[in-house]
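Student: Quick one: this structure, given as structure tokens, is what I'll be asking you about.
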Amino acid sequence: MKIVDVSQWHTATDWETAKPHIAGAILRAGYGKGRADAQFQRNAAECNRLGIPCGAYWFSYATTPAEAEAEAKALLETVKPYKMELPLAFDFEYDSLNNAKKQGVNVTKELATSMVYAFCETIEKGGYWALN
């Protein structure tokens, strides 16, 4: 099963060409404090139009559970107009850690875990399947 990760960095994806070769797509909806991915609306609309199962993720710059929850709420708001058949995900990786360090925050295992829980619980309360 091939699920692709698509964001604005992939420019304008040709979804009709991609459809026969993929089982679905996880689309970057946004990042940080409510910043939308420039291609999300187009990508989600095209996946929905063509019947390509999709989900979405939020690239996190959270440094607290409250910020992770706010990012989850931004994701829920962003995906609201679209059919999401795949999970909504919390994307916390190298640049998330670098951002935290720049803000003087040491992301411990405990802090990361609490942010994941805050994000995923918010997504599941919103009626979606959460993934981290």
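Chain lettering (A, B, ...) mirrors the order of the structure tokens, residue numbering begins at 1 for each chain separately, and ligand numbering begins at 1 in order of display.
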May I have the residues within 12 Å of Thr13 (chain A) as a list in words, using only C-alpha atoms and disregarding those fewer than 2 positions away in the same chain?
Tutor: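 The filter keeps Val4, Asp5, Val6, Ser7, Gln8, Trp9, His10, Thr11, Trp15, Glu16, Thr17, Ala18, Lys19, Ala25, Leu27, Gln39, Phe40, Arg42, Asn43, Ala44, Ala45, Glu46 and Cys47 of chain A.
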Student: Suppose we keep N, CA, C and O atoms; can you now write the selection as a compact mmCIF listing (two decimals), in the first residue's frame?
Tutor:
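Dumped everything to part.txt:
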```
# COMPACT_ATOMS: atom_id res chain seq x y z
N VAL A 4 1.24 8.54 -0.01
CA VAL A 4 2.21 9.61 -0.24
C VAL A 4 2.01 10.76 0.74
O VAL A 4 0.90 11.01 1.21
N ASP A 5 3.10 11.43 1.05
CA ASP A 5 3.13 12.62 1.91
C ASP A 5 3.31 13.81 0.97
O ASP A 5 4.31 13.88 0.25
N VAL A 6 2.34 14.72 0.97
CA VAL A 6 2.39 15.83 0.02
C VAL A 6 2.22 17.16 0.76
O VAL A 6 1.36 17.30 1.63
N SER A 7 3.06 18.12 0.39
CA SER A 7 2.97 19.47 0.95
C SER A 7 3.26 20.49 -0.14
O SER A 7 3.49 20.12 -1.30
N GLN A 8 3.30 21.74 0.24
CA GLN A 8 3.58 22.81 -0.73
C GLN A 8 4.95 22.63 -1.38
O GLN A 8 5.18 23.15 -2.47
N TRP A 9 5.85 21.91 -0.75
CA TRP A 9 7.19 21.71 -1.30
C TRP A 9 7.16 20.82 -2.54
O TRP A 9 8.13 20.75 -3.27
N HIS A 10 6.03 20.16 -2.78
CA HIS A 10 5.89 19.30 -3.96
C HIS A 10 5.19 20.05 -5.10
O HIS A 10 4.80 19.44 -6.08
N THR A 11 5.04 21.35 -4.97
CA THR A 11 4.35 22.22 -5.94
C THR A 11 2.98 21.65 -6.28
O THR A 11 2.31 21.11 -5.42
N TRP A 15 -2.72 14.96 -9.54
CA TRP A 15 -3.42 13.89 -8.83
C TRP A 15 -4.04 12.87 -9.77
O TRP A 15 -4.12 11.69 -9.41
N GLU A 16 -4.45 13.27 -10.96
CA GLU A 16 -5.02 12.29 -11.90
C GLU A 16 -3.96 11.28 -12.33
O GLU A 16 -4.25 10.09 -12.44
N THR A 17 -2.74 11.74 -12.53
CA THR A 17 -1.65 10.84 -12.89
C THR A 17 -1.25 9.98 -11.70
O THR A 17 -0.94 8.79 -11.86
N ALA A 18 -1.27 10.55 -10.51
CA ALA A 18 -0.86 9.82 -9.31
C ALA A 18 -1.86 8.75 -8.88
O ALA A 18 -1.47 7.69 -8.36
N LYS A 19 -3.13 9.00 -9.10
CA LYS A 19 -4.19 8.14 -8.55
C LYS A 19 -3.99 6.64 -8.79
O LYS A 19 -4.12 5.85 -7.83
N ALA A 25 -3.24 9.54 0.39
CA ALA A 25 -2.30 10.64 0.62
C ALA A 25 -2.49 11.22 2.01
O ALA A 25 -3.62 11.33 2.50
N LEU A 27 -1.71 14.71 3.65
CA LEU A 27 -1.42 16.06 3.19
C LEU A 27 -1.03 16.98 4.34
O LEU A 27 -1.69 16.96 5.38
N GLN A 39 -0.60 24.67 -0.45
CA GLN A 39 -1.21 23.74 -1.40
C GLN A 39 -2.31 22.86 -0.79
O GLN A 39 -2.92 22.06 -1.49
N PHE A 40 -2.57 23.01 0.52
CA PHE A 40 -3.49 22.08 1.16
C PHE A 40 -4.89 22.10 0.55
O PHE A 40 -5.46 21.05 0.24
N ARG A 42 -6.01 22.95 -2.37
CA ARG A 42 -6.00 22.34 -3.69
C ARG A 42 -5.83 20.83 -3.58
O ARG A 42 -6.56 20.06 -4.22
N ASN A 43 -4.85 20.40 -2.79
CA ASN A 43 -4.59 18.96 -2.67
C ASN A 43 -5.78 18.21 -2.09
O ASN A 43 -6.17 17.15 -2.59
N ALA A 44 -6.38 18.75 -1.03
CA ALA A 44 -7.53 18.09 -0.42
C ALA A 44 -8.72 18.04 -1.38
O ALA A 44 -9.39 17.01 -1.50
N ALA A 45 -8.97 19.14 -2.06
CA ALA A 45 -10.08 19.18 -3.01
C ALA A 45 -9.88 18.18 -4.15
O ALA A 45 -10.82 17.49 -4.57
N GLU A 46 -8.66 18.08 -4.65
CA GLU A 46 -8.37 17.14 -5.73
C GLU A 46 -8.49 15.69 -5.26
O GLU A 46 -9.05 14.86 -5.97
N CYS A 47 -7.97 15.40 -4.08
CA CYS A 47 -8.12 14.04 -3.55
C CYS A 47 -9.60 13.69 -3.38
O CYS A 47 -10.03 12.61 -3.77
```
Student: Could you list, as a PyMOL selection string, every residue within 7 Å of Ala29 (chain A), counting only C-alpha atoms and ignoring same-chain residues fewer than 2 positions away?
Tutor: chain A and resi 27+36-37+40+56-58+75+78
Student: Between A:Asp14, A:Gln41, A:Gly32, A:Cys54, which has the minimum distance to Pro87 (chain A) (counting only C-alpha atoms)?
Tutor: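 Among the listed residues, the smallest separation from Pro87 (chain A) belongs to A:Cys54.
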Student: Please tabulate, as a Markdown table, the residues of region 6-63 of chain A that come within 12 Å of region 110-131 of chain A, each with its closest pair of atoms and the distance in Å to one decimal, counting only C-alpha atoms and ordering rows by chain, then residue number upward.
Tutor:
```
| residue | atom | partner | partner_atom | distance |
| --- | --- | --- | --- | --- |
| A:Ile26 | CA | A:Leu131 | CA | 11.0 |
| A:Gly55 | CA | A:Trp129 | CA | 9.4 |
| A:Ala56 | CA | A:Leu131 | CA | 9.7 |
| A:Tyr57 | CA | A:Leu131 | CA | 8.7 |
| A:Trp58 | CA | A:Phe119 | CA | 9.9 |
| A:Phe59 | CA | A:Phe119 | CA | 11.6 |
| A:Ser60 | CA | A:Met115 | CA | 9.8 |
| A:Tyr61 | CA | A:Met115 | CA | 10.6 |
| A:Ala62 | CA | A:Met115 | CA | 7.7 |
| A:Thr63 | CA | A:Met115 | CA | 7.9 |
```
Student: Let me make sure I understand: among A:Ile52, A:Met84, A:Leu97, A:Ala12, which one has the smallest atom-to-atom distance to Gly24 (chain A) if we use only C-alpha atoms?
Tutor: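 The shortest atom-to-atom distance to Gly24 (chain A) comes from A:Ile52.
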Student: Let's see if you can do this: from backbone DSSP, list all alpha helix (DSSP H) residues in chain A, as JSON, numbers by chain.
Tutor: {"A": [15, 16, 17, 18, 40, 41, 42, 43, 44, 45, 46, 47, 48, 49, 50, 65, 66, 67, 68, 69, 70, 71, 72, 73, 74, 75, 76, 77, 78, 79, 94, 95, 96, 97, 98, 99, 100, 101, 102, 109, 110, 111, 112, 113, 114, 115, 116, 117, 118, 119, 120, 121, 122, 123, 124, 125]}
Student: Please, what distance in Å, to one decimal, runs between CA of Ala66 (chain A) and CA of Lys33 (chain A)?
Tutor: 11.5 Å
Student: Grab the CA of Gly34 (chain A) to CA of Glu93 (chain A) distance for me, in Å with one decimal place.
Tutor: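 A separation of 17.8 Å between them.
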Student: Any idea what the distance is between CA of Tyr82 (chain A) and CA of Gly30 (chain A)?
Tutor: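 Distance between the two atoms: 14.6 Å.
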Student: Where in region 23-125 of chain A does DSSP assign strand (DSSP E or B), given as a PyMOL selection string?
Tutor: chain A and resi 24-31+35-36+54-59+88-91
